[in-house]
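Shown next, in structure tokens, is the structure this report addresses.
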Amino acid sequence: PLDLMLYMIIVALGFAALENILVLGNEHLIGNFWKSLEIMGWRFVSATFLHGLCSGVLGYFLALSLHDSRRRKEYVFSGFLIAFGLHGVYNWSIIKLTGSAKFFAPLAIFIILGFLVFYGFRNLKKMKSVCEVNRH
């Protein structure tokens, strides 16, 4: 059961790396070493973790959907809703908020996502694999 969650996180880290490379290639940053370094530092800390955590949450719900075919659509919908919703709120907060809220809102989102991923890993470790479930 952990495999799906891990694969989702790995794919997200690759996507975040590609996205960071594309941002670094932005015409406004070319030739401005210090600004590029500052933006890449923030993106490494924020965008990379955000994508990994959101994908971990989605992977958790996708793994649950494989174990309960009666609630499959509910799990898939919930996973997408939570991951996309928190990602959207994060994006909105770093674009629209000012002052200390611009720091604390994203931090709260990271804490929520971190808790969900931690709980997800802990919960999935206790589950039997899909192969074992289908054999019985």
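Letters A, B, ... go to the chains of the structure tokens in the order shown; residues in each chain start at 1; ligands are counted from 1 in the same order.
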
Residues of stretch 44-70 of chain A that have any atom at most 9 Å from an atom of stretch 98-117 of chain A: could you tabulate them with the shortest-distance atom pair and the distance in Å to one decimal, using only C-alpha atoms, ordered by chain and increasing number, as a Markdown table?
| residue | atom | partner | partner_atom | distance |
| --- | --- | --- | --- | --- |
| A:Ser46 | CA | A:Pro106 | CA | 8.7 |
| A:Phe49 | CA | A:Phe110 | CA | 8.1 |
| A:Leu50 | CA | A:Phe110 | CA | 7.0 |
| A:Leu53 | CA | A:Leu113 | CA | 5.8 |
| A:Cys54 | CA | A:Leu113 | CA | 6.8 |
| A:Gly56 | CA | A:Val117 | CA | 5.8 |
| A:Val57 | CA | A:Val117 | CA | 5.7 |
| A:Tyr60 | CA | A:Val117 | CA | 7.7 |

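Among the candidate residues A:Pro1, A:Leu81, A:His87, A:Ala16, the one lying nearest to A:Thr48 is A:Ala16, with distances computed using only C-alpha atoms.
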
task: Determine the nearest neighbour of A:Phe44 from the options A:Ala63, A:Ala17, A:Leu24, A:Ile30, counting only C-alpha atoms.
output: A:Ala17

task: Check the smallest atom-to-atom distance from each of A:Leu58, A:Ile82, A:Val76, A:Ile95 to A:Leu6 using only C-alpha atoms, then report the winner.
output: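 Closest to A:Leu6 of all the choices is A:Leu58.
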